[in-house]
>>> print(open('coords.txt').read())   # compact mmCIF, C-alpha atoms and all ligand atoms
# COMPACT_ATOMS: atom_id res chain seq x y z
CA MET A 1 -9.43 268.80 97.34
CA LEU A 2 -9.17 272.07 95.43
CA TYR A 3 -5.36 271.86 95.25
CA ASP A 4 -3.36 268.66 94.95
CA TYR A 5 -0.93 269.49 97.75
CA LEU A 6 -3.81 269.31 100.25
CA THR A 7 -4.75 265.98 101.82
CA THR A 8 -6.29 264.69 105.05
CA ASN A 9 -4.67 262.41 107.62
CA GLU A 10 -5.97 259.58 109.80
CA GLU A 11 -7.12 262.04 112.45
CA GLY A 12 -9.26 263.69 109.79
CA ARG A 13 -7.24 266.87 109.76
CA LEU A 14 -6.08 268.92 106.81
CA VAL A 15 -2.49 268.31 105.74
CA ILE A 16 -0.78 271.04 103.72
CA GLY A 17 2.24 270.01 101.66
CA GLY A 18 2.80 267.09 104.00
CA VAL A 19 2.39 269.08 107.25
CA ASP A 20 -0.55 268.68 109.66
CA VAL A 21 -2.39 271.97 110.28
CA LYS A 22 -2.49 271.21 114.00
CA ASP A 23 1.32 271.13 114.14
CA LEU A 24 1.51 274.41 112.24
CA ALA A 25 -1.04 276.07 114.51
CA GLU A 26 0.67 274.81 117.67
CA GLU A 27 4.12 275.87 116.59
CA TYR A 28 3.38 279.22 114.93
CA GLY A 29 -0.04 280.27 116.29
CA THR A 30 -3.09 281.51 114.42
CA PRO A 31 -4.03 283.22 112.20
CA LEU A 32 -1.23 281.89 110.08
CA TYR A 33 -0.41 282.34 106.40
CA VAL A 34 0.92 279.08 104.98
CA LEU A 35 2.64 279.19 101.62
CA SER A 36 3.72 276.20 99.55
CA GLU A 37 7.08 277.03 98.01
CA ASP A 38 6.83 273.86 95.94
CA ARG A 39 3.57 275.08 94.39
CA ILE A 40 5.03 278.54 93.72
CA ARG A 41 7.94 276.96 91.86
CA GLU A 42 5.56 274.77 89.82
CA ASN A 43 3.57 277.87 88.88
CA CYS A 44 6.71 279.79 87.89
CA ARG A 45 7.82 276.91 85.67
CA LYS A 46 4.55 276.86 83.77
CA TYR A 47 5.29 280.40 82.60
CA THR A 48 9.06 280.16 82.13
CA ALA A 49 8.84 276.89 80.19
CA ALA A 50 5.96 277.92 77.93
CA MET A 51 7.31 281.41 77.26
CA ALA A 52 10.74 280.02 76.36
CA LYS A 53 9.14 277.43 74.12
CA TYR A 54 6.67 279.56 72.18
CA PHE A 55 7.87 283.17 72.23
CA PRO A 56 11.10 284.54 70.68
CA GLU A 57 14.34 284.17 72.63
CA GLY A 58 14.62 286.80 75.35
CA SER A 59 10.93 286.49 76.35
CA PHE A 60 10.29 285.81 80.03
CA PRO A 61 7.78 286.31 82.85
CA LEU A 62 8.05 289.02 85.49
CA TYR A 63 6.57 288.25 88.87
CA ALA A 64 4.14 291.05 89.86
CA GLY A 65 5.26 291.70 93.41
CA LYS A 66 2.10 293.58 94.30
CA ALA A 67 0.37 290.19 94.71
CA LEU A 68 2.66 289.14 97.55
CA CYS A 69 5.71 291.20 98.40
CA PHE A 70 8.05 290.10 101.18
CA LYS A 71 11.73 289.27 101.26
CA GLY A 72 11.32 285.49 101.16
CA ILE A 73 9.61 285.39 97.77
CA TYR A 74 12.40 287.04 95.77
CA PRO A 75 15.11 284.34 96.02
CA VAL A 76 12.52 281.85 94.74
CA ILE A 77 11.55 284.08 91.81
CA ASP A 78 15.20 284.74 90.99
CA ASP A 79 16.07 281.06 91.23
CA GLU A 80 13.23 280.25 88.80
CA GLY A 81 14.69 282.62 86.22
CA MET A 82 11.97 285.26 86.35
CA GLY A 83 12.24 289.03 86.47
CA ALA A 84 9.98 291.07 88.74
CA ASP A 85 7.74 294.05 88.41
CA VAL A 86 7.65 296.57 91.22
CA VAL A 87 5.17 299.39 91.71
CA SER A 88 6.79 301.46 94.44
CA PRO A 89 10.14 302.24 96.04
CA GLY A 90 8.98 300.09 98.96
CA GLU A 91 8.73 297.09 96.65
CA ILE A 92 12.11 297.96 95.09
CA PHE A 93 13.66 298.15 98.55
CA THR A 94 12.15 294.79 99.54
CA ALA A 95 13.36 293.03 96.39
CA LEU A 96 16.88 294.46 96.69
CA ALA A 97 17.04 293.70 100.41
CA ALA A 98 16.39 290.09 99.46
CA GLY A 99 19.28 290.16 96.99
CA PHE A 100 17.18 290.30 93.82
CA PRO A 101 19.19 291.80 90.92
CA ALA A 102 18.13 295.39 90.17
CA GLU A 103 18.59 294.93 86.43
CA LYS A 104 15.76 292.37 86.46
CA LEU A 105 13.29 294.85 88.00
CA PHE A 106 10.64 296.68 85.96
CA PHE A 107 9.36 299.80 87.70
CA HIS A 108 5.63 300.59 87.35
CA GLY A 109 3.48 303.32 88.87
CA THR A 110 1.10 306.05 87.76
CA ASN A 111 2.77 308.79 89.75
CA LYS A 112 6.44 308.29 90.32
CA THR A 113 7.71 311.32 92.20
CA ASP A 114 11.04 312.96 91.38
CA SER A 115 12.63 311.45 94.46
CA GLU A 116 11.27 308.00 93.59
CA ILE A 117 12.65 308.29 90.06
CA GLU A 118 16.01 309.28 91.48
CA TYR A 119 15.94 306.39 93.96
CA ALA A 120 15.16 303.89 91.20
CA LEU A 121 17.92 305.28 88.95
CA ASP A 122 20.41 305.08 91.81
CA CYS A 123 19.37 301.47 92.44
CA GLY A 124 20.12 300.63 88.81
CA ILE A 125 16.59 299.47 87.93
CA GLY A 126 16.64 297.52 84.65
CA CYS A 127 13.60 299.07 83.06
CA PHE A 128 11.03 301.75 83.81
CA VAL A 129 7.47 301.40 82.61
CA ILE A 130 6.71 305.04 81.86
CA ASP A 131 3.07 305.84 82.56
CA ASN A 132 2.62 309.34 81.17
CA MET A 133 4.15 312.48 79.65
CA ASN A 134 4.98 314.09 83.00
CA GLU A 135 6.97 311.07 84.05
CA LEU A 136 8.68 310.88 80.67
CA ALA A 137 9.98 314.43 81.03
CA ALA A 138 11.01 313.93 84.67
CA LEU A 139 12.80 310.66 83.93
CA ASP A 140 14.61 312.10 80.90
CA LYS A 141 15.83 315.02 83.00
CA ALA A 142 16.88 312.91 85.99
CA ALA A 143 18.67 310.32 83.86
CA GLY A 144 20.44 313.12 81.96
CA GLU A 145 21.66 314.70 85.20
CA LYS A 146 23.17 311.37 86.18
CA GLY A 147 24.69 310.83 82.74
CA MET A 148 22.55 307.71 82.26
CA LYS A 149 20.48 306.39 79.42
CA GLN A 150 17.52 304.55 81.01
CA LYS A 151 15.78 301.66 79.33
CA ALA A 152 11.99 302.00 79.43
CA LEU A 153 8.72 300.64 78.11
CA LEU A 154 5.78 302.93 77.39
CA ARG A 155 2.53 302.04 79.13
CA LEU A 156 -0.36 302.16 76.67
CA THR A 157 -4.06 301.42 77.04
CA VAL A 158 -5.64 299.36 74.31
CA GLY A 159 -9.29 300.13 75.08
CA ILE A 160 -10.37 296.68 76.21
CA ASP A 161 -12.90 296.59 79.02
CA PRO A 162 -11.30 294.53 81.82
CA HIS A 163 -14.71 293.37 83.05
CA THR A 164 -16.06 291.98 79.81
CA PHE A 165 -12.73 291.83 77.93
CA LYS A 166 -14.48 293.24 74.87
CA ALA A 167 -12.54 295.63 72.71
CA VAL A 168 -14.44 298.89 72.82
CA GLN A 169 -14.11 301.97 70.71
CA THR A 170 -14.34 304.52 73.47
CA GLY A 171 -15.13 302.79 76.78
CA MET A 172 -12.05 301.66 78.66
CA ILE A 173 -9.87 304.38 77.28
CA ASP A 174 -10.95 306.24 80.40
CA SER A 175 -8.35 304.94 82.85
CA GLN A 176 -5.69 306.44 85.08
CA PHE A 177 -3.12 303.95 83.82
CA GLY A 178 -1.03 304.62 80.73
CA ILE A 179 -1.75 306.55 77.56
CA PRO A 180 -4.55 305.52 75.18
CA ILE A 181 -3.90 304.39 71.63
CA GLN A 182 -7.39 305.14 70.32
CA THR A 183 -7.33 308.86 71.10
CA GLY A 184 -4.13 309.27 69.11
CA GLN A 185 -2.17 310.28 72.22
CA ALA A 186 0.04 307.19 72.24
CA GLU A 187 1.67 308.40 69.05
CA GLY A 188 2.69 311.70 70.66
CA PHE A 189 3.88 309.77 73.70
CA LEU A 190 6.16 307.57 71.57
CA LYS A 191 7.39 310.53 69.57
CA ALA A 192 8.34 312.39 72.74
CA ALA A 193 10.03 309.29 74.14
CA LEU A 194 12.05 308.78 70.96
CA ASP A 195 13.11 312.42 71.16
CA ALA A 196 14.14 312.09 74.81
CA GLU A 197 17.92 311.81 74.73
CA ASN A 198 18.33 309.92 77.95
CA ILE A 199 15.68 307.27 77.39
CA GLU A 200 15.98 304.11 75.35
CA VAL A 201 12.49 303.00 74.30
CA ALA A 202 12.51 299.20 74.53
CA GLY A 203 8.87 298.69 73.57
CA PHE A 204 5.29 298.84 74.76
CA HIS A 205 3.41 297.70 77.83
CA SER A 206 -0.29 297.20 78.34
CA HIS A 207 -2.33 295.43 81.00
CA ILE A 208 -5.97 294.62 80.43
CA GLY A 209 -7.01 293.18 83.77
CA SER A 210 -6.92 290.29 86.15
CA GLN A 211 -8.43 286.82 86.51
CA ILE A 212 -8.25 286.19 82.72
CA MET A 213 -9.07 282.55 82.01
CA ASP A 214 -8.50 282.43 78.25
CA SER A 215 -6.14 283.55 75.47
CA TYR A 216 -8.51 285.56 73.30
CA GLN A 217 -8.29 288.72 75.42
CA PHE A 218 -4.51 288.69 75.02
CA CYS A 219 -4.92 288.07 71.27
CA ASP A 220 -7.24 291.09 70.97
CA GLN A 221 -4.72 293.12 72.93
CA ALA A 222 -1.87 291.94 70.68
CA ASP A 223 -3.86 292.95 67.58
CA ILE A 224 -4.33 296.49 68.86
CA LEU A 225 -0.67 296.80 69.90
CA LEU A 226 0.45 295.41 66.53
CA GLU A 227 -1.65 297.81 64.53
CA PHE A 228 -0.16 300.66 66.52
CA ALA A 229 3.37 299.24 66.19
CA ALA A 230 3.03 298.92 62.40
CA ASP A 231 1.81 302.49 62.16
CA MET A 232 4.72 303.73 64.28
CA LYS A 233 7.21 301.81 62.18
CA GLU A 234 5.87 303.43 59.07
CA LYS A 235 5.81 306.93 60.53
CA TYR A 236 8.95 306.96 62.65
CA GLY A 237 10.91 303.88 61.63
CA TYR A 238 10.56 302.63 65.20
CA THR A 239 10.45 298.88 65.89
CA ALA A 240 9.51 297.69 69.39
CA GLU A 241 11.86 295.09 70.81
CA TYR A 242 9.41 294.10 73.57
CA PHE A 243 5.67 293.75 74.02
CA ASN A 244 4.83 293.48 77.71
CA ILE A 245 1.27 292.15 77.78
CA GLY A 246 0.68 292.61 81.52
CA GLY A 247 -0.75 290.46 84.30
CA GLY A 248 -1.17 286.75 84.18
CA PHE A 249 -3.99 284.26 84.04
CA GLY A 250 -6.73 283.69 86.58
CA VAL A 251 -6.73 281.09 89.33
CA ARG A 252 -9.14 278.64 90.93
CA TYR A 253 -10.56 280.02 94.14
CA THR A 254 -13.50 277.61 94.24
CA GLU A 255 -14.53 274.36 92.57
CA LYS A 256 -16.59 276.25 90.03
CA ASP A 257 -13.59 278.16 88.64
CA PRO A 258 -11.95 276.50 85.64
CA THR A 259 -8.33 275.36 85.63
CA VAL A 260 -6.40 277.51 83.18
CA ASP A 261 -4.15 275.72 80.71
CA ILE A 262 -1.26 278.18 80.89
CA GLU A 263 0.93 276.43 78.35
CA GLY A 264 -1.92 276.00 75.85
CA ASN A 265 -2.95 279.62 76.17
CA ILE A 266 0.61 280.92 75.78
CA SER A 267 1.00 278.75 72.70
CA ASP A 268 -2.23 280.25 71.27
CA ILE A 269 -1.08 283.80 71.97
CA ALA A 270 2.31 283.12 70.39
CA GLU A 271 0.73 281.69 67.26
CA HIS A 272 -1.66 284.63 66.98
CA LEU A 273 1.13 287.14 67.51
CA ALA A 274 3.44 285.52 64.96
CA ALA A 275 0.68 285.49 62.34
CA GLY A 276 -0.17 289.14 63.09
CA CYS A 277 3.47 290.18 62.79
CA GLU A 278 3.83 288.44 59.48
CA LYS A 279 0.76 290.21 58.15
CA ALA A 280 1.99 293.57 59.42
CA GLY A 281 5.52 293.01 58.16
CA LEU A 282 7.00 293.29 61.65
CA PRO A 283 9.53 291.07 63.40
CA VAL A 284 7.96 289.11 66.29
CA PRO A 285 8.76 291.06 69.47
CA LYS A 286 10.10 289.51 72.64
CA VAL A 287 7.18 289.06 75.01
CA LEU A 288 6.99 289.83 78.70
CA MET A 289 4.11 288.83 80.99
CA GLU A 290 3.54 289.92 84.56
CA PRO A 291 1.78 287.14 86.46
CA GLY A 292 1.21 287.84 90.14
CA ARG A 293 -1.90 286.05 91.31
CA SER A 294 -1.29 282.89 89.28
CA ILE A 295 2.18 282.49 90.80
CA VAL A 296 1.17 282.72 94.45
CA ALA A 297 -2.63 282.59 94.99
CA ASP A 298 -3.15 278.83 94.94
CA ALA A 299 0.04 278.30 96.95
CA GLY A 300 -1.48 280.01 100.01
CA VAL A 301 -3.76 278.76 102.78
CA THR A 302 -4.71 280.80 105.85
CA ILE A 303 -5.37 278.96 109.10
CA TYR A 304 -7.62 280.50 111.75
CA GLU A 305 -9.01 279.30 115.04
CA ALA A 306 -12.78 279.30 115.36
CA GLY A 307 -14.29 281.22 118.25
CA GLY A 308 -17.51 279.26 117.96
CA ILE A 309 -20.95 279.56 116.45
CA LYS A 310 -23.40 282.37 116.95
CA THR A 311 -26.95 281.62 115.85
CA VAL A 312 -29.22 284.49 114.92
CA GLU A 313 -32.58 282.73 115.23
CA GLY A 314 -34.41 282.64 111.93
CA TYR A 315 -31.50 284.17 110.01
CA ARG A 316 -28.01 282.79 110.00
CA GLU A 317 -25.34 280.89 111.78
CA TYR A 318 -22.10 282.83 112.15
CA VAL A 319 -18.73 281.19 112.67
CA THR A 320 -16.27 283.65 114.12
CA ILE A 321 -12.54 283.43 113.50
CA ASP A 322 -9.48 285.07 115.06
CA GLY A 323 -8.63 287.04 111.89
CA GLY A 324 -10.66 288.33 108.94
CA MET A 325 -10.52 291.53 106.89
CA THR A 326 -7.28 292.61 108.56
CA ASP A 327 -5.40 289.68 106.99
CA ASN A 328 -7.73 289.17 104.00
CA PRO A 329 -9.67 292.28 102.96
CA ARG A 330 -10.75 290.85 99.60
CA PHE A 331 -14.28 289.84 100.60
CA ALA A 332 -14.84 293.26 102.14
CA LEU A 333 -13.40 294.99 99.05
CA TYR A 334 -14.77 292.90 96.20
CA GLY A 335 -16.99 290.17 97.63
CA SER A 336 -14.34 287.66 96.53
CA GLU A 337 -15.25 284.01 96.91
CA TYR A 338 -13.03 281.52 98.70
CA THR A 339 -13.09 277.85 99.55
CA VAL A 340 -13.34 277.46 103.31
CA LEU A 341 -13.13 274.26 105.30
CA ASN A 342 -13.04 273.02 108.84
CA ALA A 343 -9.43 271.88 108.89
CA SER A 344 -9.85 270.00 112.16
CA ARG A 345 -12.61 267.86 110.59
CA ALA A 346 -11.54 267.92 106.97
CA ASP A 347 -13.00 264.51 106.19
CA ALA A 348 -16.36 265.14 107.90
CA PRO A 349 -19.32 266.05 105.69
CA ALA A 350 -19.59 269.76 104.94
CA ASP A 351 -23.25 269.96 106.00
CA PHE A 352 -23.38 273.10 108.15
CA GLU A 353 -24.39 276.31 106.41
CA CYS A 354 -22.73 279.38 107.86
CA THR A 355 -21.20 282.78 107.30
CA VAL A 356 -17.61 283.19 108.41
CA ALA A 357 -17.08 286.51 110.16
CA GLY A 358 -13.89 288.22 111.25
CA ARG A 359 -13.13 289.92 114.52
CA CYS A 360 -13.30 293.60 113.59
CA CYS A 361 -15.91 296.15 114.63
CA GLU A 362 -17.10 296.37 111.06
CA SER A 363 -20.14 294.57 109.63
CA GLY A 364 -18.30 294.04 106.34
CA ASP A 365 -15.67 291.95 108.09
CA ARG A 366 -16.51 288.60 106.54
CA ILE A 367 -14.51 285.97 104.73
CA ALA A 368 -17.35 284.01 103.14
CA GLU A 369 -21.14 284.06 103.22
CA ASP A 370 -23.61 281.16 103.22
CA ILE A 371 -21.06 278.41 102.71
CA MET A 372 -21.08 274.76 103.77
CA ILE A 373 -18.43 273.41 106.16
CA ALA A 374 -18.27 270.67 108.79
CA ARG A 375 -19.89 272.10 111.93
CA PRO A 376 -17.08 273.64 114.00
CA GLU A 377 -16.59 273.76 117.75
CA ARG A 378 -14.72 276.50 119.54
CA GLY A 379 -11.01 275.85 118.99
CA ASP A 380 -11.38 274.08 115.64
CA LEU A 381 -9.03 275.22 112.91
CA ILE A 382 -10.63 276.87 109.90
CA ALA A 383 -8.70 276.92 106.62
CA VAL A 384 -9.27 279.40 103.81
CA LEU A 385 -7.71 278.24 100.53
CA GLY A 386 -6.18 280.29 97.74
CA THR A 387 -5.01 283.18 99.93
CA GLY A 388 -1.46 283.50 98.58
CA ALA A 389 -2.19 286.60 96.51
CA TYR A 390 -3.47 289.99 97.68
CA ASN A 391 -3.88 288.88 101.31
CA TYR A 392 -0.63 289.57 103.19
CA ALA A 393 0.04 292.28 100.58
CA MET A 394 -3.24 294.02 101.47
CA SER A 395 -3.25 293.27 105.19
CA MET A 396 -3.69 296.02 107.74
CA ASN A 397 -3.73 296.79 111.42
CA TYR A 398 -7.33 297.97 111.73
CA ASN A 399 -8.54 297.54 115.32
CA ARG A 400 -4.85 297.13 116.18
CA VAL A 401 -4.88 293.52 115.10
CA PRO A 402 -1.26 292.42 114.58
CA ARG A 403 -0.42 290.97 111.17
CA PRO A 404 -0.13 287.17 111.18
CA ALA A 405 3.05 285.21 110.75
CA MET A 406 3.80 283.40 107.50
CA VAL A 407 5.48 280.05 107.01
CA MET A 408 6.78 278.59 103.79
CA LEU A 409 6.58 274.86 103.16
CA SER A 410 9.12 273.05 101.07
CA GLY A 411 9.64 269.29 100.79
CA GLY A 412 7.30 268.66 103.76
CA LYS A 413 9.13 271.10 106.05
CA ALA A 414 7.91 274.45 107.37
CA ARG A 415 10.05 277.51 108.02
CA LEU A 416 9.05 280.87 109.40
CA VAL A 417 9.44 283.58 106.73
CA VAL A 418 7.47 286.43 108.32
CA ARG A 419 7.21 286.66 112.10
CA ARG A 420 3.95 287.65 113.75
CA GLN A 421 3.68 291.34 114.58
CA THR A 422 3.90 292.17 118.26
CA PHE A 423 2.04 294.89 120.15
CA GLU A 424 5.37 296.73 120.27
CA ASP A 425 5.47 296.65 116.45
CA LEU A 426 2.06 298.32 116.43
CA ILE A 427 3.36 301.39 118.26
CA SER A 428 6.88 301.35 116.81
CA CYS A 429 6.39 304.40 114.55
CA GLU A 430 4.51 306.43 117.14
CA LEU A 431 6.51 309.08 118.97
C1 LIG B 501 -2.10 293.83 88.85
C2 LIG B 501 -1.12 293.88 87.77
C3 LIG B 501 -0.41 292.73 87.43
C4 LIG B 501 -0.64 291.40 88.10
O1 LIG B 501 -1.89 290.89 87.81
P1 LIG B 501 -2.29 289.42 88.27
O2 LIG B 501 -3.73 289.32 87.99
O3 LIG B 501 -1.99 289.34 89.74
O4 LIG B 501 -1.46 288.45 87.50
C5 LIG B 501 0.55 292.83 86.46
N1 LIG B 501 0.81 294.00 85.82
C6 LIG B 501 0.14 295.13 86.12
C7 LIG B 501 0.47 296.38 85.41
C8 LIG B 501 -0.85 295.11 87.10
O5 LIG B 501 -1.52 296.23 87.38
>>> encode(input="coords.txt", output="structure tokens", more="lines below")
Ligand SMILES: *Cc1c(COP(=O)(O)O)cnc(C)c1O
Amino acid sequence: MLYDYLTTNEEGRLVIGGVDVKDLAEEYGTPLYVLSEDRIRENCRKYTAAMAKYFPEGSFPLYAGKALCFKGIYPVIDDEGMGADVVSPGEIFTALAAGFPAEKLFFHGTNKTDSEIEYALDCGIGCFVIDNMNELAALDKAAGEKGMKQKALLRLTVGIDPHTFKAVQTGMIDSQFGIPIQTGQAEGFLKAALDAENIEVAGFHSHIGSQIMDSYQFCDQADILLEFAADMKEKYGYTAEYFNIGGGFGVRYTEKDPTVDIEGNISDIAEHLAAGCEKAGLPVPKVLMEPGRSIVADAGVTIYEAGGIKTVEGYREYVTIDGGMTDNPRFALYGSEYTVLNASRADAPADFECTVAGRCCESGDRIAEDIMIARPERGDLIAVLGTGAYNYAMSMNYNRVPRPAMVMLSGGKARLVVRRQTFEDLISCEL
């Protein structure tokens, strides 16, 4: 199967981390998010071990909470020795409510309001990632009023197209995130930050995109950052302590996606960076990475119950499920591909071509199109693999569909970590 923690049992059903899907569905209901804590820990260790081995001391990964933010994830991330990046006060609140240390949080966001800046300062956030000049001024002022000196990274754009990962002269400079190097504005940004009395500039951040399968994009990014860093050292005597190189590697959603060698790639990046630093006469900076997807995506499986088959004569067979875009909007948003299987007949041949449709009054509510699964009957369990990232985090209550429950599996045991929303929850904010 796509992931090694998935097997089938004698009854032909899918078994996730040692637990039969039928037992999960009976105990917790469907749709259900199932998350393998064991797999999450394995994924964390790939980053922590390789980063400690190949990058200078003080380098570590930050879990990008936007991929899957709920209280239960933070003790695991903390336990694995990772920091976390947060993009909103809501994410800060969630992490702190789970007991995650504030000094290990890095605060992102393109438009942090004055009250959000104040909230983060009061929480004792370890590091801001300053996006722009407006934020720089607001943070300097707010920190000064509190008699604080706030550690921060400056978010820069390196002009690499996230779709093709080609370095471009003028193309991907046009972005709402960070300040571009190529236009010369990053220099002014750094100068202003160095002049800001209440900000300690710890280094640079840049993020080129998601689902990166190789090291060369990160190497190109490092080259551009290094050239800038060398120039800044010469002009202002500034040496960056940290390079935060952004989001992590890509994951396998289907059999045709490659498996990324995280350790090998990190080793390649480290070698490239060290050589570049030597050439530029710079000390090798501590490196931060912000994997989100590659920590949680392949640890997640969503279980649905099939409503049955609808045949549109001469066109398609539709399999309907009791969830869809409300718990996984990624097909509707991006046409994302997933591996789907009939979990009640996981060892039967996948010889039935169908499109899996959700329950919303919205023609875009689909999970997968023209895929092959074992022909389902009404009541069969349908499993969608690789749903750990950007599913629960992006879920919604369209059509007043309650959000599913989530269970975490560890050592062959399941525990409820998010309870299913009730109808009362749906109206709880409405006066
Ligand atoms: C989205 C994002 C990440 C996480 O990316 P993944 O592909 O989930 O690893 C990290 N950092 C920043 C700034 C991001 O925008």
>>> atom_distance(input="coords.txt", atom1="atom CA of A:Thr113", atom2="atom CA of A:Leu139")
9.7 Å
>>> closest_residue(input="coords.txt", among="A:Ser210, A:Thr30, A:Ser175, A:Asn265", to="A:Asp380", atoms="only C-alpha atoms")
A:Thr30
>>> residues_near_ligand(input="coords.txt", ligand="ligand LIG 501 (chain B)", cutoff="8 Å", atoms="only C-alpha atoms and all ligand atoms", output="list in words")
Tyr63, Ala64, Gly65, Lys66, Ala67, Asp85, His108, Ser206, His207, Gly209, Ser210, Gln211, Ile212, Gly246, Gly247, Gly248, Phe249, Gly250, Met289, Glu290, Pro291, Gly292, Arg293, Ser294, Ile295 and Ala389 of chain A
>>> residues_around(input="coords.txt", residues="stretch 141-153 of chain A", least_positions_apart="5", cutoff="9 Å", atoms="all atoms listed in the file", output="list in words")
Phe106, Phe107, Asp114, Ile117, Glu118, Leu121, Asp122, Ile125, Gly126, Cys127, Phe128, Val129, Ile130, Asp131, Leu136, Ala196, Glu197, Asn198, Ile199, Glu200, Val201, Ala202, Gly203, Phe204, His205, Tyr242, Phe243 and Asn244 of chain A
>>> write_last_selection(input="coords.txt", atoms="C-alpha atoms", output="JSON list (two decimals), keeping the file's coordinate frame")
[["chain", "number", "residue", "atom", "x", "y", "z"],
["A", 106, "PHE", "CA", 10.64, 296.68, 85.96],
["A", 107, "PHE", "CA", 9.36, 299.80, 87.70],
["A", 114, "ASP", "CA", 11.04, 312.96, 91.38],
["A", 117, "ILE", "CA", 12.65, 308.29, 90.06],
["A", 118, "GLU", "CA", 16.01, 309.28, 91.48],
["A", 121, "LEU", "CA", 17.92, 305.28, 88.95],
["A", 122, "ASP", "CA", 20.41, 305.08, 91.81],
["A", 125, "ILE", "CA", 16.59, 299.47, 87.93],
["A", 126, "GLY", "CA", 16.64, 297.52, 84.65],
["A", 127, "CYS", "CA", 13.60, 299.07, 83.06],
["A", 128, "PHE", "CA", 11.03, 301.75, 83.81],
["A", 129, "VAL", "CA", 7.47, 301.40, 82.61],
["A", 130, "ILE", "CA", 6.71, 305.04, 81.86],
["A", 131, "ASP", "CA", 3.07, 305.84, 82.56],
["A", 136, "LEU", "CA", 8.68, 310.88, 80.67],
["A", 196, "ALA", "CA", 14.14, 312.09, 74.81],
["A", 197, "GLU", "CA", 17.92, 311.81, 74.73],
["A", 198, "ASN", "CA", 18.33, 309.92, 77.95],
["A", 199, "ILE", "CA", 15.68, 307.27, 77.39],
["A", 200, "GLU", "CA", 15.98, 304.11, 75.35],
["A", 201, "VAL", "CA", 12.49, 303.00, 74.30],
["A", 202, "ALA", "CA", 12.51, 299.20, 74.53],
["A", 203, "GLY", "CA", 8.87, 298.69, 73.57],
["A", 204, "PHE", "CA", 5.29, 298.84, 74.76],
["A", 205, "HIS", "CA", 3.41, 297.70, 77.83],
["A", 242, "TYR", "CA", 9.41, 294.10, 73.57],
["A", 243, "PHE", "CA", 5.67, 293.75, 74.02],
["A", 244, "ASN", "CA", 4.83, 293.48, 77.71]]
>>> residues_around(input="coords.txt", residues="A:Arg316", least_positions_apart="4", cutoff="8 Å", atoms="only C-alpha atoms", output="PyMOL selection string")
chain A and resi 311-312+354-355
>>> closest_residue(input="coords.txt", among="A:Leu273, A:Ile367, A:Leu409, A:Val19", to="A:Arg39", atoms="all atoms listed in the file")
A:Leu409
>>> closest_residue(input="coords.txt", among="A:Ile373, A:Cys429, A:Cys69, A:Ala346", to="A:Ile16", atoms="all atoms listed in the file")
A:Ala346
>>> closest_residue(input="coords.txt", among="A:Gly386, A:Pro404, A:Pro75, A:Pro101", to="A:Gln421", atoms="only C-alpha atoms")
A:Pro404
>>> residues_near_point(input="coords.txt", point="(6.6, 287.1, 79.4)", cutoff="7 Å", atoms="all atoms listed in the file", output="JSON, numbers by chain")
{"A": [51, 59, 60, 61, 62, 244, 287, 288, 289, 290]}
>>> write_last_selection(input="coords.txt", atoms="C-alpha atoms", output="CSV table (one decimal), keeping the file's coordinate frame")
chain,number,residue,atom,x,y,z
A,51,MET,CA,7.3,281.4,77.3
A,59,SER,CA,10.9,286.5,76.4
A,60,PHE,CA,10.3,285.8,80.0
A,61,PRO,CA,7.8,286.3,82.8
A,62,LEU,CA,8.0,289.0,85.5
A,244,ASN,CA,4.8,293.5,77.7
A,287,VAL,CA,7.2,289.1,75.0
A,288,LEU,CA,7.0,289.8,78.7
A,289,MET,CA,4.1,288.8,81.0
A,290,GLU,CA,3.5,289.9,84.6
>>> residues_around(input="coords.txt", residues="A:Pro180", least_positions_apart="5", cutoff="7 Å", atoms="all atoms listed in the file", output="ChimeraX atom specification")
/A:156-158,173,185-186
>>> write_last_selection(input="coords.txt", atoms="C-alpha atoms", output="mmCIF file, in the frame of the given file")
data_model
loop_
_atom_site.group_PDB
_atom_site.id
_atom_site.type_symbol
_atom_site.label_atom_id
_atom_site.label_comp_id
_atom_site.auth_asym_id
_atom_site.auth_seq_id
_atom_site.Cartn_x
_atom_site.Cartn_y
_atom_site.Cartn_z
ATOM 1 C CA LEU A 156 -0.360 302.160 76.670
ATOM 2 C CA THR A 157 -4.060 301.420 77.040
ATOM 3 C CA VAL A 158 -5.640 299.360 74.310
ATOM 4 C CA ILE A 173 -9.870 304.380 77.280
ATOM 5 C CA GLN A 185 -2.170 310.280 72.220
ATOM 6 C CA ALA A 186 0.040 307.190 72.240
#
>>> atom_distance(input="coords.txt", atom1="atom CA of A:Asp327", atom2="atom CA of A:Thr254")
19.3 Å
>>> atom_distance(input="coords.txt", atom1="atom CA of A:Glu305", atom2="atom CA of A:Glu26")
11.0 Å
>>> closest_residue(input="coords.txt", among="A:Met372, A:Ala383, A:Cys123, A:Leu24", to="A:Leu416", atoms="all atoms listed in the file")
A:Leu24
>>> residues_near_point(input="coords.txt", point="(0.7, 293.9, 68.6)", cutoff="12 Å", atoms="all atoms listed in the file", output="ChimeraX atom specification")
/A:156,158,181,203-206,218-232,239-245,269-270,272-287
>>> closest_residue(input="coords.txt", among="A:Leu96, A:Glu430, A:Ala299, A:Asp370", to="A:Cys44", atoms="only C-alpha atoms")
A:Ala299
>>> axis_aligned_box(input="coords.txt", around="stretch 356-360 of chain A", padding_each_side="8 Å", output="lines of an AutoDock Vina configuration file")
center_x = -15.4
center_y = 288.4
center_z = 111.5
size_x = 20.5
size_y = 26.4
size_z = 22.1
>>> decode(input="coords.txt", residues="stretch 266-270 of chain A", atoms="C-alpha atoms", output="CSV table (one decimal), in the first residue's frame")
chain,number,residue,atom,x,y,z
A,266,ILE,CA,19.3,18.1,3.5
A,267,SER,CA,22.8,16.8,3.2
A,268,ASP,CA,23.0,18.2,-0.4
A,269,ILE,CA,21.7,21.6,0.7
A,270,ALA,CA,24.2,21.7,3.6
